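Read through the structure below, which is laid out as structure tokens, and then see the notes.
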Amino acid sequence: VTLTAIDDTLVEPGLPERVTIGIATVEGGPTELNIQQKSINILDNDAPPGVTLSADSSEMEESGGLVNLTANVDSPSEERIVVTLSRSGGTASGLDYELSATQIIIEPGSTSGSAVLSSREDDIHELNEDVVISISGITPSTVEESGEQSVAVTIIDDDDAPTVLLEAVGASVSERGGSTLIKATLSSPSATDTFVFLAAGLEGTAVLGLDYRLVSTKIRIRKGKLTGSLRLRAIND
């Protein structure tokens, strides 16, 4: 009789698979001499599977954005494959997005698994930001990453640019040592510093440098804040 191996596409790690053939019964007179058994090793010929990472979109909205991340193997394995993900770059912080899982599981015999990248809503006006997710580890060791695998996803900001309100804390000041705050207020915070440039003397009879002075003609509102101010001081004459 001939024993023939059956080829498959499964990667079967560890020791070679073994089949042992023995005599079950003998008919016709002769008897089995002791216990007759023969073992044959079946050597796996399948290359270790390679893992790739993909995203079903390269961008998502800040409000309710979802992107599916999929880890694929080019051939199934008899073992459970765990693909670990991590952030490897981009301008977005951990406050701007979240991963449904930091590990993608590919079950035995399967060729893919997935996780979901979702955006987090805020009320800050900012430039579009991006996040890069990469494979940082794979188990078992018999499975390899197909080169360096990563995906980049852009988060599209949906917040309108804030408006600026300018006001003086006091409507009048004494000529002798009087001062007041000129305050600029944003309608919503911004992700970058905002500079409000002032134009003095548009109306009225007071003259800058003769009747009053300003510390600066520029008000700075720091990122994430709503207000900034500078002081106007009267000049005694």
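Residues are named by chain letter and number: chains run A, B, ... in the order of the structure tokens, numbers start at 1 in each chain, and ligands are numbered from 1 in the order shown.
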**Glu62 (chain A) environment, 12 Å, only C-alpha atoms, sequence neighbours closer than 4 positions dropped, as a list in words** =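 The contact residues come out as Leu66, Val67, Ala92, Leu95, Asp96, Tyr97, Glu98, Leu117, Ser118, Ser119, Arg120, Glu121, Asp122, Asp123, Ile124, His125, Glu126, Leu127, Asn128, Glu129, Asp130, Val153, Thr154, Ile155, Ile156, Asp157, Asp158 and Asp159 of chain A.
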**Message:** When DSSP is applied to the backbone of this structure, which of region 1-236 of chain A are assigned strand (DSSP E or B)? Write them out as a PyMOL selection string.
**Reply:** chain A and resi 11+17-22+37-42+50-55+59-61+66-73+77+81-90+97-99+103-106+112-119+125+129-139+144-145+150-156+164-168+179-186+190+194-197+208+212-214+218-221+227-234
**Asked** Leaving out Pro49 (chain A) and any residue of its chain fewer than 3 positions from it, which residues lie within 7 Å of it when counting only C-alpha atoms, given as a ChimeraX atom specification?
**Response** /A:73-75,143-144
Would you mind exporting the chosen residues as a short mmCIF file (atom, residue, chain, number, x, y, z; two decimals), in the first residue's frame, restricted to N, CA, C and O atoms?
data_model
loop_
_atom_site.label_atom_id
_atom_site.label_comp_id
_atom_site.auth_asym_id
_atom_site.auth_seq_id
_atom_site.Cartn_x
_atom_site.Cartn_y
_atom_site.Cartn_z
N VAL A 73 -3.77 37.91 6.87
CA VAL A 73 -2.66 36.99 6.65
C VAL A 73 -2.83 36.36 5.27
O VAL A 73 -3.96 36.12 4.83
N ASP A 74 -1.71 36.13 4.58
CA ASP A 74 -1.81 35.60 3.23
C ASP A 74 -2.09 34.11 3.17
O ASP A 74 -2.39 33.57 2.11
N SER A 75 -2.01 33.43 4.32
CA SER A 75 -2.42 32.03 4.40
C SER A 75 -2.86 31.73 5.82
O SER A 75 -2.31 32.30 6.77
N VAL A 143 4.64 33.71 12.69
CA VAL A 143 3.94 34.63 11.80
C VAL A 143 4.72 35.93 11.74
O VAL A 143 5.17 36.43 12.77
N GLU A 144 4.87 36.47 10.54
CA GLU A 144 5.70 37.65 10.36
C GLU A 144 4.91 38.81 9.77
O GLU A 144 3.93 38.63 9.06
#
**Item:** For Gly65 (chain A), the nearest of the candidates A:Val1, A:Leu99, A:Ile81, A:Leu166, counting only C-alpha atoms
**Value:**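 When distances to Gly65 (chain A) are compared using only C-alpha atoms, the smallest one comes from A:Leu99.
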**Residues near Leu208 (chain A), cut-off 10 Å, only C-alpha atoms, skip fewer than 6 positions along chain, as a ChimeraX atom specification** = /A:200-201,214,234-235
Could you write out that same residue set with N, CA, C and O atoms as an mmCIF file, in the first residue's frame?
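The new file result_14.cif reads:
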data_model
loop_
_atom_site.group_PDB
_atom_site.id
_atom_site.type_symbol
_atom_site.label_atom_id
_atom_site.label_comp_id
_atom_site.auth_asym_id
_atom_site.auth_seq_id
_atom_site.Cartn_x
_atom_site.Cartn_y
_atom_site.Cartn_z
ATOM 1 N N ALA A 200 -5.664 101.817 17.313
ATOM 2 C CA ALA A 200 -6.027 102.865 18.279
ATOM 3 C C ALA A 200 -6.397 104.153 17.559
ATOM 4 O O ALA A 200 -5.934 104.449 16.456
ATOM 5 N N GLY A 201 -7.288 104.945 18.190
ATOM 6 C CA GLY A 201 -7.628 106.274 17.681
ATOM 7 C C GLY A 201 -8.580 106.294 16.513
ATOM 8 O O GLY A 201 -8.585 107.252 15.731
ATOM 9 N N LEU A 214 -0.673 102.252 25.550
ATOM 10 C CA LEU A 214 -0.984 100.826 25.588
ATOM 11 C C LEU A 214 0.309 100.048 25.770
ATOM 12 O O LEU A 214 1.341 100.389 25.191
ATOM 13 N N ALA A 234 -3.942 105.957 31.324
ATOM 14 C CA ALA A 234 -4.034 107.384 31.003
ATOM 15 C C ALA A 234 -2.723 108.089 31.312
ATOM 16 O O ALA A 234 -1.988 107.693 32.210
ATOM 17 N N ILE A 235 -2.399 109.126 30.531
ATOM 18 C CA ILE A 235 -1.208 109.945 30.745
ATOM 19 C C ILE A 235 -1.619 111.278 31.341
ATOM 20 O O ILE A 235 -2.414 112.020 30.728
#
**Selected residue of minimal separation from Ala199 (chain A) among A:Ile219, A:Leu181, A:Ile133, A:Ala171, counting only C-alpha atoms** = A:Ile219
